[in-house]
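Q: Sending over protein_29.tsv (TSV, C-alpha atoms and all ligand atoms).
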```tsv
chain	number	residue	atom	x	y	z
F	86	MET	CA	0.00	0.00	0.00
F	87	ARG	CA	1.37	3.35	-0.98
F	88	ILE	CA	0.07	6.49	0.70
F	89	LEU	CA	0.64	10.11	-0.19
F	90	VAL	CA	0.60	12.55	2.73
F	91	VAL	CA	0.14	16.21	1.78
F	92	GLU	CA	0.87	18.33	4.84
F	93	ASP	CA	2.95	21.47	5.27
F	94	GLU	CA	3.43	21.23	9.03
F	95	GLU	CA	6.69	19.35	9.30
F	96	LYS	CA	6.11	17.84	12.73
F	97	MET	CA	2.69	16.56	11.79
F	98	ALA	CA	3.93	15.19	8.44
F	99	ARG	CA	6.80	13.41	10.16
F	100	ALA	CA	4.55	11.87	12.80
F	101	VAL	CA	2.03	10.63	10.24
F	102	ARG	CA	4.78	9.24	8.03
F	103	ARG	CA	6.44	7.43	10.91
F	104	GLY	CA	3.15	6.00	12.13
F	105	LEU	CA	2.11	4.79	8.70
F	106	GLU	CA	5.50	3.27	7.98
F	107	GLN	CA	5.30	1.36	11.24
F	108	GLU	CA	2.06	-0.11	9.94
F	109	GLY	CA	3.84	-1.25	6.79
F	110	TYR	CA	2.67	1.42	4.38
F	111	ALA	CA	4.98	3.01	1.83
F	112	VAL	CA	4.69	6.76	2.37
F	113	ASP	CA	5.49	9.80	0.26
F	114	VAL	CA	5.18	13.26	1.78
F	115	ALA	CA	4.42	16.45	-0.15
F	116	ALA	CA	4.92	19.71	1.73
F	117	ASP	CA	2.55	21.89	-0.28
F	118	GLY	CA	-0.41	21.72	-2.62
F	119	GLU	CA	1.52	22.01	-5.87
F	120	GLU	CA	3.78	19.15	-4.92
F	121	GLY	CA	0.84	17.09	-3.71
F	122	LEU	CA	-0.99	17.62	-6.98
F	123	PHE	CA	2.10	16.69	-8.96
F	124	GLN	CA	2.78	13.51	-7.00
F	125	GLY	CA	-0.88	12.53	-6.85
F	126	THR	CA	-1.09	12.87	-10.63
F	127	GLU	CA	2.17	11.08	-11.36
F	128	HIS	CA	1.74	8.02	-9.13
F	129	ALA	CA	-1.14	5.66	-8.44
F	130	TYR	CA	-1.60	5.87	-4.67
F	131	ASP	CA	-3.84	3.58	-2.65
F	132	ALA	CA	-4.92	6.57	-0.59
F	133	ILE	CA	-4.09	10.25	-0.08
F	134	VAL	CA	-4.08	12.05	3.26
F	135	LEU	CA	-4.68	15.68	2.35
F	136	ASP	CA	-4.53	18.65	4.69
F	137	VAL	CA	-6.95	21.46	3.79
F	138	MET	CA	-4.79	24.32	5.05
F	139	LEU	CA	-1.79	24.39	2.72
F	140	PRO	CA	0.25	27.27	1.36
F	141	GLY	CA	-0.49	28.07	-2.29
F	142	LEU	CA	-3.00	25.55	-3.59
F	143	ASN	CA	-5.18	24.46	-0.67
F	144	GLY	CA	-6.36	20.91	-0.08
F	145	LEU	CA	-9.78	21.49	-1.65
F	146	GLU	CA	-8.21	22.73	-4.88
F	147	VAL	CA	-5.74	19.86	-4.93
F	148	CYS	CA	-8.58	17.37	-4.52
F	149	GLU	CA	-10.67	18.99	-7.24
F	150	ARG	CA	-7.78	19.00	-9.66
F	151	LEU	CA	-6.87	15.41	-8.96
F	152	ARG	CA	-10.47	14.38	-9.67
F	153	ALA	CA	-10.54	16.55	-12.80
F	154	ALA	CA	-7.40	14.75	-13.95
F	155	GLY	CA	-9.13	11.41	-13.44
F	156	ARG	CA	-7.22	10.39	-10.30
F	157	TRP	CA	-9.60	8.50	-8.04
F	158	ALA	CA	-7.38	7.40	-5.16
F	159	PRO	CA	-9.44	7.67	-1.97
F	160	VAL	CA	-8.82	11.02	-0.27
F	161	LEU	CA	-8.92	11.50	3.50
F	162	MET	CA	-9.10	15.23	4.17
F	163	LEU	CA	-7.65	16.74	7.35
F	164	THR	CA	-9.63	19.77	8.51
F	165	ALA	CA	-9.45	22.15	11.43
F	166	ARG	CA	-11.91	21.80	14.29
F	167	ASP	CA	-15.04	23.88	13.66
F	168	ALA	CA	-14.24	24.32	9.99
F	169	VAL	CA	-17.58	22.92	8.85
F	170	PRO	CA	-17.41	24.67	5.45
F	171	ASP	CA	-14.09	22.89	4.84
F	172	ARG	CA	-15.64	19.52	5.54
F	173	ILE	CA	-18.55	20.19	3.21
F	174	GLY	CA	-16.23	21.72	0.64
F	175	GLY	CA	-13.96	18.71	0.89
F	176	LEU	CA	-16.71	16.24	0.20
F	177	ASP	CA	-17.96	18.42	-2.65
F	178	ALA	CA	-14.45	18.58	-4.04
F	179	GLY	CA	-14.41	14.80	-4.27
F	180	ALA	CA	-12.85	13.76	-0.94
F	181	ASP	CA	-14.06	10.44	0.43
F	182	ASP	CA	-13.80	11.15	4.14
F	183	TYR	CA	-12.43	13.70	6.54
F	184	LEU	CA	-10.79	13.77	9.92
F	185	VAL	CA	-10.82	16.75	12.27
F	186	LYS	CA	-7.50	17.92	13.75
F	187	PRO	CA	-6.28	17.10	16.32
F	188	PHE	CA	-6.98	13.40	15.89
F	189	ALA	CA	-5.82	10.17	17.46
F	190	PHE	CA	-3.45	8.35	15.14
F	191	GLY	CA	-5.46	5.17	15.60
F	192	GLU	CA	-8.45	6.90	14.06
F	193	LEU	CA	-6.46	7.99	11.02
F	194	LEU	CA	-5.36	4.39	10.53
F	195	ALA	CA	-8.87	3.03	10.90
F	196	ARG	CA	-10.29	5.49	8.40
F	197	LEU	CA	-7.51	4.84	5.90
F	198	ARG	CA	-8.07	1.11	6.16
F	199	ALA	CA	-11.78	1.61	5.58
F	200	LEU	CA	-11.13	3.79	2.53
F	201	VAL	CA	-8.65	1.40	0.98
F	202	ARG	CA	-10.93	-1.56	1.62
F	203	ARG	CA	-13.94	0.10	0.05
F	204	CYS	CA	-14.43	-0.81	-3.58
F	205	PRO	CA	-13.54	1.98	-5.96
F	206	ARG	CA	-16.50	4.30	-6.17
F	207	GLU	CA	-18.80	4.04	-9.11
F	208	ARG	CA	-18.12	7.16	-11.10
F	209	PRO	CA	-20.71	8.61	-13.42
F	210	VAL	CA	-19.66	8.98	-16.99
F	211	VAL	CA	-17.65	12.08	-17.67
F	212	LEU	CA	-19.05	14.01	-20.60
F	213	THR	CA	-16.50	14.62	-23.34
F	214	VAL	CA	-16.97	16.85	-26.37
F	215	GLY	CA	-13.74	17.49	-28.22
F	216	ASP	CA	-11.26	18.87	-25.73
F	217	LEU	CA	-14.03	19.77	-23.27
F	218	GLN	CA	-14.64	17.49	-20.32
F	219	LEU	CA	-17.34	17.85	-17.70
F	220	ASP	CA	-17.71	15.64	-14.65
F	221	PRO	CA	-21.22	15.96	-13.21
F	222	ALA	CA	-20.27	14.31	-9.90
F	223	ALA	CA	-17.02	16.09	-9.20
F	224	HIS	CA	-18.55	19.25	-10.69
F	225	THR	CA	-15.45	20.01	-12.69
F	226	VAL	CA	-14.87	21.23	-16.21
F	227	THR	CA	-11.63	21.19	-18.15
F	228	ARG	CA	-10.72	22.38	-21.59
F	229	ALA	CA	-7.60	20.81	-23.09
F	230	GLY	CA	-6.80	19.56	-19.61
F	231	GLN	CA	-6.97	23.03	-18.06
F	232	PRO	CA	-9.54	23.53	-15.30
F	233	VAL	CA	-12.30	26.01	-16.12
F	234	ASP	CA	-13.95	27.68	-13.15
F	235	LEU	CA	-17.71	28.02	-13.71
F	236	SER	CA	-20.59	29.23	-11.57
F	237	ALA	CA	-23.37	26.74	-10.83
F	238	ARG	CA	-25.58	28.20	-13.56
F	239	GLU	CA	-22.81	28.30	-16.15
F	240	PHE	CA	-22.02	24.69	-15.28
F	241	ALA	CA	-25.63	23.62	-15.77
F	242	LEU	CA	-25.84	25.49	-19.07
F	243	LEU	CA	-22.64	23.90	-20.37
F	244	GLU	CA	-23.76	20.45	-19.22
F	245	TYR	CA	-26.99	20.87	-21.18
F	246	LEU	CA	-25.15	22.04	-24.32
F	247	MET	CA	-22.69	19.15	-24.02
F	248	ARG	CA	-25.49	16.59	-23.68
F	249	ASN	CA	-26.88	18.02	-26.92
F	250	ALA	CA	-23.60	18.70	-28.72
F	251	GLY	CA	-23.88	19.12	-32.47
F	252	GLU	CA	-27.54	20.00	-32.18
F	253	VAL	CA	-29.09	23.45	-32.24
F	254	VAL	CA	-30.87	24.05	-28.95
F	255	THR	CA	-33.47	26.79	-28.79
F	256	ARG	CA	-33.60	29.38	-26.05
F	257	THR	CA	-36.91	27.92	-24.90
F	258	ARG	CA	-35.38	24.48	-24.43
F	259	ILE	CA	-32.45	25.95	-22.54
F	260	LEU	CA	-34.80	27.94	-20.31
F	261	ASP	CA	-36.82	24.80	-19.59
F	262	HIS	CA	-33.82	22.67	-18.73
F	263	VAL	CA	-31.43	25.03	-17.08
F	264	TRP	CA	-33.58	27.66	-15.38
F	265	ASP	CA	-36.31	27.14	-12.83
F	266	TYR	CA	-39.77	26.76	-14.27
F	267	ASP	CA	-40.96	29.91	-12.56
F	268	TYR	CA	-38.13	31.96	-13.95
F	269	ASP	CA	-39.50	35.29	-15.10
F	270	GLY	CA	-36.40	37.44	-15.18
F	271	PHE	CA	-35.11	39.38	-18.13
F	272	SER	CA	-35.51	37.66	-21.45
F	273	ASN	CA	-31.91	37.83	-22.67
F	274	VAL	CA	-30.58	35.99	-19.61
F	275	ILE	CA	-29.48	33.05	-21.77
F	276	ASP	CA	-27.51	35.27	-24.12
F	277	VAL	CA	-25.82	36.84	-21.13
F	278	TYR	CA	-24.82	33.46	-19.70
F	279	ILE	CA	-23.68	32.20	-23.09
F	280	GLY	CA	-21.44	35.26	-23.13
F	281	TYR	CA	-19.99	34.33	-19.74
F	282	LEU	CA	-19.37	30.77	-20.86
F	283	ARG	CA	-17.67	31.83	-24.07
F	284	ARG	CA	-15.38	34.14	-22.21
F	285	LYS	CA	-14.33	31.36	-19.85
F	286	LEU	CA	-14.08	28.56	-22.40
F	287	ASP	CA	-12.61	30.39	-25.34
F	288	GLU	CA	-10.01	32.56	-23.72
F	289	ASP	CA	-6.49	32.70	-25.15
F	290	GLY	CA	-7.95	32.98	-28.64
F	291	ARG	CA	-8.97	29.35	-28.81
F	292	PRO	CA	-11.54	28.55	-31.49
F	293	GLN	CA	-15.05	29.36	-30.35
F	294	ARG	CA	-17.09	26.33	-29.33
F	295	ILE	CA	-20.53	27.83	-28.84
F	296	ARG	CA	-22.11	29.12	-32.04
F	297	THR	CA	-25.08	31.41	-32.29
F	298	VAL	CA	-27.66	30.22	-34.79
F	299	ARG	CA	-29.49	33.44	-35.57
F	300	GLY	CA	-33.15	33.46	-34.67
F	301	VAL	CA	-32.98	29.88	-33.37
F	302	GLY	CA	-30.58	29.30	-30.52
F	303	TYR	CA	-27.15	27.92	-29.82
F	304	LEU	CA	-24.97	25.07	-30.95
F	305	LEU	CA	-22.01	23.49	-29.21
F	306	VAL	CA	-19.61	22.48	-31.95
F	307	PRO	CA	-18.14	19.00	-31.54
F	308	GLN	CA	-14.45	19.38	-32.16
F	309	GLU	CA	-13.24	18.10	-35.51
F	310	PRO	CA	-10.81	15.22	-35.03
F	311	ALA	CA	-7.24	16.40	-35.39
F	312	SER	CA	-6.00	15.81	-38.92
F	313	PRO	CA	-3.11	13.35	-39.10
I	401	CA	CA	-1.49	22.68	7.17
```
Produce C-alpha cells that represent the structure in this file.

A:
Amino acid sequence: MRILVVEDEEKMARAVRRGLEQEGYAVDVAADGEEGLFQGTEHAYDAIVLDVMLPGLNGLEVCERLRAAGRWAPVLMLTARDAVPDRIGGLDAGADDYLVKPFAFGELLARLRALVRRCPRERPVVLTVGDLQLDPAAHTVTRAGQPVDLSAREFALLEYLMRNAGEVVTRTRILDHVWDYDYDGFSNVIDVYIGYLRRKLDEDGRPQRIRTVRGVGYLLVPQEPASP
C-alpha cells in the first residue's frame, strides 16, 4: 500500500509518516499543494491524506484538480476543528472522508483502512466533447486539460449544451432545462450566460465552441478530429 501525505506542518507530516511506515505502508510526503498535486497525478496511490490548510494551492483545490485529472485514489481530508465549510467543501471537491484535527493516530489508521478496503467508487460517466470534459459528480470542467472555473448556472448550461452537442438548442429548451420553471427574469438571460461561458471557455484565442444560430438558438460544436 502506498500512501501520499500532503501536509505542510513538518512535525505533523513526520509523525504521520512514521506511524504509517510502522504499519507497513509506503509513504510519500508532499509539503505543499503544488507538490501534492504533482505527485498525486504522477503516481497511483492507494490513498491520499490531504490537509486542507496548505500554502499556495489548498487541499480542496488539490482534490478537485486530482479528480478533474481522473485520479480517483481515496482522499482523506484533514480539517481544522469547527471548519464545517471545509468539511462540506472537501466532500464536494471529491474527498471520500475527513478527519478533524487534532486526531488520534489510531483513528487515522482506521479510516484509511476503511477507505482502501472500500471498492472503488462508481463514477458517473464524464461528458467529453472534443477537448471539453465535464464531470457531473465532481462538478469540474476542463478544456484541453486546463480547469475552467464556472458558476453553478454556467455549469448547468454547459452540461446541457454538451449533452446536446452538435444539435441546435433553442432558447426555450435551454430555459426549460437550465432555469427554474418559474423563472421570469429578463428575457436575454441566456444570451448573457452564453457570453460568460464563451469568455471562460474560449479565452487565449482558442476557437469558439458555442455558435449562435441566428433566430434559433445555440450550438455546441463538436471538435473536428485532429487531422493526421
Ligand atoms: Ca497545514

Q: Taking all atoms listed in the file into account, list the residues no farther than 9 Å from ligand CA 401 (chain I), as a ChimeraX atom specification.

A: /F:91-94,97,116-117,136-140,143-144,163-164

Q: With all atoms listed in the file as the atoms that count, which of F:Arg172, F:His224, F:Arg299, F:Arg203 lies nearest to Glu239 of chain F?

A: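 The shortest atom-to-atom distance to Glu239 of chain F comes from F:His224.
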
Q: State, in Å with one decimal place, the distance from atom CA of Pro170 of chain F to atom CA of Leu145 of chain F.

A: 10.9 Å

Q: Taking into account all atoms listed in the file, which residue in the set F:Arg103, F:Arg152, F:Arg202, F:Arg283 is nearest to Val226 of chain F?

A: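 Smallest distance to Val226 of chain F is found for F:Arg152.
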
Q: So that I can check the surroundings of segment 227-233 of chain F, please list as JSON, numbers by chain every protein, DNA and RNA residue that reaches within 6 Å of it, counting only C-alpha atoms and ignoring chain neighbours fewer than 5 positions away.

A: {"F": [216, 217, 218]}

Q: Please determine, counting all atoms listed in the file, which residue among F:Val253, F:Leu151, F:Val112, F:Val263 has the shortest atom-to-atom distance to Phe240 of chain F.

A: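 Among F:Val253, F:Leu151, F:Val112, F:Val263, it is F:Val263 that comes nearest to Phe240 of chain F.
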
Q: Need to verify the contact set: Ala100 of chain F, 12 Å, all atoms listed in the file, exclusion of same-chain residues closer than 6 positions in sequence. Can you return it as a PyMOL selection string?

A: chain F and resi 90+92+94+106-107+112+114+189-190+193

Q: Atom CA of Ile259 of chain F to atom CA of Arg291 of chain F: how many Å, to one decimal?

A: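 Interatomic distance here is 24.5 Å.
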
Q: Just the residues within 10 Å of Gly302 of chain F, please, counting all atoms listed in the file, with nothing from its chain fewer than 6 positions along; format it as a ChimeraX atom specification.

A: /F:252-259,275-276,296
